[in-house]
Amino acid sequence: MTSSAQPPAATPLAAATADPAAGAAVKAMDRAHVFHSWSAQGLIDPLAVAGADGSYFWDYEGNRYLDFTSGLVFTNIGYQHPKVVAAVQEQAARLTTFAPAFAVEARSEAARLIAERTPGDLDKIFFTNGGAEAVENAVRMARLHTGRPKVLSAYRSYHGGTATAINVTGDPRRWPSDNGTSGVVHFWAPFLYRSPFHATTGAEEAQRALKHLEDTIVFEGPGTIAAIVLETIPGTAGIMVPPPGYLAGVRELCDRYGIVFVLDEVMAGFGRTGKWFAAEHFGVVPDLLTFAKGVNSGYVPLGGVAISAEIAATFETRPYPGGLTYSGHPLACAAAVATIRVMAEERVVEQAARIGETVLGPGLRELAERHPSVGEVRGLGVFWALDLVRDRETREPLVPYNATGEANAPMAAFAAECRARGLWPFVNMNRTHAVPPCNVSEAEAEEGLAVLDAALTVADGFTV
């Protein structure tokens, strides 16, 4: 385990690429011309990245970072896997691009490999360029299939930044784009640690959350609801693993009221939770399943919707009114084929499960025992969250909901300490997430835990 006393030294590879002048030039061009997402442009200071390999990346100063964010939770096999890089290069030499109306080998093979791994009869694959477009099209399919307008989704959720997806989203990023006419109704999904239902057990939380959902359906009018959209395990919103029976109960409600059940596995899919898809943990099969990110480790943008036989039949003789110029792009699909094969050959899904069970889960729980700033540890596989608090008794979050500026100072200080010690953390609101690549080694996971141990001491300083 790397000592938490000093930041990890730059590797020879990182040191060899140290070129501060080049980094300054990259930063200057970025600041002059790049408009960054989710940001006040004059208040950000993006790190200039010189390179990446496996679980690490480094800057032009020669500083190396263990990436506990997997990019944005998408480098499931790490950076620059040679087999995937070679597959993209080979595909570029054969057929760089082709229109989506044609049958192309890489596209067909990617669809086959994905369909082999999705649960149930989700055997038709509609390709998109990312997760938000996948959600857009899943909602469109559900509305056309049912002839109904409304969609239900959870408050603690994120489904993407495009027009429909941002309204299906529940977190504050929705607010500036929500004009109240999207046809989306939000409800409370289960979250026992901060239960909106005053539950004291997982069984109570599941039962009361299902009653709340059914009441919402009944009062909104079952005949008006096309779909219920849920992240199987919410990602950015906090990695709240649903209690046993909840997702099965949602499946039953959807069947009872003729509602399409959509599971969003953009973040949780492709090994992240120690299963190919998180739905496998709960024994449920949705009608539509969205994916992206880990399908090809983010090497080339790709997402999609896995479609049930019943919904696919709706468009057997009726054209589906949707499409994308780059749907199933050959380079992206070649990367997906190579990634899925690598994951199978190298037992990456099993590695994610093992690391979660033997290293990350026990290690994070041990940190919680010693750090008063840790209110709860939750997760599966390589998909974990630490809920940081000011007071364990009251469970008051370490920073207020959607905090910015000075109000967010405790989390900013925690994150700065992580980075100073060579760990790039995933921080959102009052949480830090431990989401390294699915093939992270035991030594790398322990290195990350050691840095979190030191940084949590900083967070402890803000507790009461």
# chains A, B, ... in the order shown; residues from 1 in each chain; ligands from 1
$ residues_around --residues "Gly238 of chain A" --least-positions-apart "2" --cutoff "12 Å" --atoms "only C-alpha atoms" --output "NGL selection string"
:A and (155-158 or 171 or 190-191 or 193-194 or 231 or 233-236 or 240-242 or 267 or 376-379 or 383-388 or 426-435)
$ closest_atom_pairs --of "segment 274-322 of chain A" --to "segment 119-137 of chain A" --cutoff "6 Å" --atoms "only C-alpha atoms" --output "JSON lines"
{"residue": "A:Val285", "atom": "CA", "partner": "A:Gly120", "partner_atom": "CA", "distance": 5.8}
{"residue": "A:Thr290", "atom": "CA", "partner": "A:Ala134", "partner_atom": "CA", "distance": 5.6}
{"residue": "A:Ala292", "atom": "CA", "partner": "A:Gly131", "partner_atom": "CA", "distance": 5.1}
{"residue": "A:Pro301", "atom": "CA", "partner": "A:Asn129", "partner_atom": "CA", "distance": 5.4}
{"residue": "A:Leu302", "atom": "CA", "partner": "A:Asn129", "partner_atom": "CA", "distance": 4.4}
{"residue": "A:Gly303", "atom": "CA", "partner": "A:Gly130", "partner_atom": "CA", "distance": 4.1}
{"residue": "A:Gly304", "atom": "CA", "partner": "A:Phe127", "partner_atom": "CA", "distance": 4.2}
{"residue": "A:Val305", "atom": "CA", "partner": "A:Phe126", "partner_atom": "CA", "distance": 5.1}
{"residue": "A:Ala306", "atom": "CA", "partner": "A:Ile125", "partner_atom": "CA", "distance": 4.7}
{"residue": "A:Ile307", "atom": "CA", "partner": "A:Leu122", "partner_atom": "CA", "distance": 4.8}
{"residue": "A:Ser308", "atom": "CA", "partner": "A:Leu122", "partner_atom": "CA", "distance": 4.3}
$ write_last_selection --atoms "C-alpha atoms" --output "mmCIF file, in the first residue's frame"
data_model
loop_
_atom_site.group_PDB
_atom_site.id
_atom_site.type_symbol
_atom_site.label_atom_id
_atom_site.label_comp_id
_atom_site.auth_asym_id
_atom_site.auth_seq_id
_atom_site.Cartn_x
_atom_site.Cartn_y
_atom_site.Cartn_z
ATOM 1 C CA VAL A 285 -35.660 -7.517 -16.896
ATOM 2 C CA THR A 290 -29.925 2.201 -21.977
ATOM 3 C CA ALA A 292 -23.014 3.868 -23.024
ATOM 4 C CA PRO A 301 -18.384 7.832 -28.244
ATOM 5 C CA LEU A 302 -21.064 5.118 -28.252
ATOM 6 C CA GLY A 303 -24.341 4.422 -26.499
ATOM 7 C CA GLY A 304 -27.563 2.630 -27.216
ATOM 8 C CA VAL A 305 -30.886 1.141 -26.262
ATOM 9 C CA ALA A 306 -31.424 -2.589 -25.836
ATOM 10 C CA ILE A 307 -35.029 -3.274 -26.862
ATOM 11 C CA SER A 308 -37.448 -6.040 -25.848
#
$ residues_around --residues "Ile259 of chain A" --least-positions-apart "2" --cutoff "8 Å" --atoms "only C-alpha atoms" --output "PyMOL selection string"
chain A and resi 146+222+225-228+253-257+261
$ select_by_dssp --residues "segment 23-226 of chain A" --states "helix (DSSP H, G or I)" --output "PyMOL selection string"
chain A and resi 23-33+41-43+70-73+82-94+105-117+131-146+163-168+172-177+192-194+202-220+222-224
$ atom_distance --atom1 "atom CA of Leu360 of chain A" --atom2 "atom CA of Val348 of chain A"
15.6 Å
$ residues_around --residues "Leu113 of chain A" --least-positions-apart "4" --cutoff "9 Å" --atoms "only C-alpha atoms" --output "PyMOL selection string"
chain A and resi 108-109+117+336-337+340-341
$ write_last_selection --atoms "all heavy atoms" --output "short mmCIF file (atom, residue, chain, number, x, y, z; two decimals), in the first residue's frame"
data_model
loop_
_atom_site.label_atom_id
_atom_site.label_comp_id
_atom_site.auth_asym_id
_atom_site.auth_seq_id
_atom_site.Cartn_x
_atom_site.Cartn_y
_atom_site.Cartn_z
N SER A 108 -22.64 -4.89 -36.63
CA SER A 108 -23.40 -6.12 -36.40
C SER A 108 -22.81 -6.94 -35.26
O SER A 108 -23.54 -7.47 -34.41
CB SER A 108 -23.41 -6.96 -37.68
OG SER A 108 -23.99 -6.25 -38.76
N GLU A 109 -21.49 -7.03 -35.22
CA GLU A 109 -20.84 -7.83 -34.18
C GLU A 109 -20.98 -7.16 -32.81
O GLU A 109 -21.21 -7.85 -31.79
CB GLU A 109 -19.36 -8.04 -34.51
CG GLU A 109 -18.58 -8.83 -33.49
CD GLU A 109 -19.00 -10.29 -33.36
OE1 GLU A 109 -19.98 -10.71 -34.01
OE2 GLU A 109 -18.35 -11.02 -32.58
N ARG A 117 -25.37 -10.32 -23.75
CA ARG A 117 -25.12 -10.04 -22.34
C ARG A 117 -26.27 -9.32 -21.65
O ARG A 117 -26.31 -9.29 -20.41
CB ARG A 117 -23.81 -9.24 -22.21
CG ARG A 117 -22.60 -10.11 -22.48
CD ARG A 117 -21.37 -9.36 -22.86
NE ARG A 117 -20.22 -10.28 -22.97
CZ ARG A 117 -19.99 -11.06 -24.02
NH1 ARG A 117 -20.79 -10.99 -25.09
NH2 ARG A 117 -18.97 -11.89 -24.04
N ALA A 336 -16.07 -1.23 -29.16
CA ALA A 336 -16.97 -2.00 -28.30
C ALA A 336 -16.70 -3.49 -28.42
O ALA A 336 -16.64 -4.21 -27.41
CB ALA A 336 -18.42 -1.69 -28.65
N VAL A 337 -16.53 -3.97 -29.65
CA VAL A 337 -16.24 -5.39 -29.84
C VAL A 337 -14.97 -5.77 -29.10
O VAL A 337 -14.92 -6.77 -28.36
CB VAL A 337 -16.11 -5.71 -31.35
CG1 VAL A 337 -15.56 -7.12 -31.55
CG2 VAL A 337 -17.46 -5.56 -32.04
N ILE A 340 -15.47 -5.60 -25.16
CA ILE A 340 -16.24 -6.73 -24.61
C ILE A 340 -15.41 -8.00 -24.63
O ILE A 340 -15.42 -8.80 -23.67
CB ILE A 340 -17.55 -6.89 -25.39
CG1 ILE A 340 -18.47 -5.69 -25.13
CG2 ILE A 340 -18.26 -8.19 -25.00
CD1 ILE A 340 -19.68 -5.61 -26.03
N ARG A 341 -14.64 -8.20 -25.70
CA ARG A 341 -13.77 -9.39 -25.76
C ARG A 341 -12.68 -9.33 -24.69
O ARG A 341 -12.39 -10.34 -24.04
CB ARG A 341 -13.17 -9.51 -27.16
CG ARG A 341 -14.19 -9.93 -28.21
CD ARG A 341 -13.59 -9.95 -29.60
NE ARG A 341 -14.57 -10.43 -30.58
CZ ARG A 341 -14.42 -10.34 -31.90
NH1 ARG A 341 -13.31 -9.78 -32.40
NH2 ARG A 341 -15.36 -10.79 -32.72
#
$ closest_residue --among "A:Ala203, A:Val382, A:Val389, A:Ala412" --to "Ala268 of chain A" --atoms "only C-alpha atoms"
A:Val382
$ atom_distance --atom1 "atom CA of Asp45 of chain A" --atom2 "atom CA of Tyr79 of chain A"
22.9 Å
$ select_by_dssp --residues "segment 186-318 of chain A" --states "strand (DSSP E or B)" --output "MDAnalysis selection string"
chainID A and resid 186:187 225:231 260:264 288:291 303:307
$ write_last_selection --atoms "C-alpha atoms" --output "mmCIF file, in the first residue's frame"
data_model
loop_
_atom_site.group_PDB
_atom_site.id
_atom_site.type_symbol
_atom_site.label_atom_id
_atom_site.label_comp_id
_atom_site.auth_asym_id
_atom_site.auth_seq_id
_atom_site.Cartn_x
_atom_site.Cartn_y
_atom_site.Cartn_z
ATOM 1 C CA HIS A 186 -40.658 13.020 -10.443
ATOM 2 C CA PHE A 187 -41.040 10.770 -7.409
ATOM 3 C CA ILE A 225 -47.955 7.244 -18.278
ATOM 4 C CA ALA A 226 -45.688 5.831 -20.964
ATOM 5 C CA ALA A 227 -42.630 4.896 -18.925
ATOM 6 C CA ILE A 228 -40.916 4.723 -15.579
ATOM 7 C CA VAL A 229 -37.213 5.502 -16.001
ATOM 8 C CA LEU A 230 -34.799 4.489 -13.256
ATOM 9 C CA GLU A 231 -31.060 4.138 -12.957
ATOM 10 C CA VAL A 260 -42.803 0.602 -20.111
ATOM 11 C CA PHE A 261 -40.017 -0.082 -17.599
ATOM 12 C CA VAL A 262 -36.748 1.616 -18.623
ATOM 13 C CA LEU A 263 -33.540 0.892 -16.749
ATOM 14 C CA ASP A 264 -30.690 3.326 -17.279
ATOM 15 C CA LEU A 288 -35.765 -1.016 -22.500
ATOM 16 C CA LEU A 289 -32.198 -0.737 -21.208
ATOM 17 C CA THR A 290 -29.925 2.201 -21.977
ATOM 18 C CA PHE A 291 -26.147 1.904 -22.060
ATOM 19 C CA GLY A 303 -24.341 4.422 -26.499
ATOM 20 C CA GLY A 304 -27.563 2.630 -27.216
ATOM 21 C CA VAL A 305 -30.886 1.141 -26.262
ATOM 22 C CA ALA A 306 -31.424 -2.589 -25.836
ATOM 23 C CA ILE A 307 -35.029 -3.274 -26.862
#
$ residues_around --residues "Gly71 of chain A" --least-positions-apart "3" --cutoff "12 Å" --atoms "only C-alpha atoms" --output "ChimeraX atom specification"
/A:49,52,54-57,65-68,74-79,267,293-294,297-299,424-426,435-437
$ closest_residue --among "A:Arg354, A:Arg392, A:His371, A:Arg143" --to "Tyr320 of chain A" --atoms "only C-alpha atoms"
A:Arg143
$ residues_around --residues "segment 32-39 of chain A" --least-positions-apart "2" --cutoff "12 Å" --atoms "only C-alpha atoms" --output "list in words"
Ala25, Val26, Lys27, Ala28, Met29, Asp30, Gln41, Gly42, Leu43, Ile44, Asp45, Pro46, Gly160, Gly161, Pro172, Arg173, Arg174, Pro176 and Thr404 of chain A
$ residues_around --residues "Leu213 of chain A" --least-positions-apart "3" --cutoff "9 Å" --atoms "only C-alpha atoms" --output "ChimeraX atom specification"
/A:187-189,208-210,216-218,250,253
$ closest_residue --among "A:Asp453, A:Glu204, A:Glu90, A:Glu220" --to "Leu423 of chain A" --atoms "only C-alpha atoms"
A:Asp453
$ atom_distance --atom1 "atom CA of Phe282 of chain A" --atom2 "atom CA of Lys150 of chain A"
25.9 Å
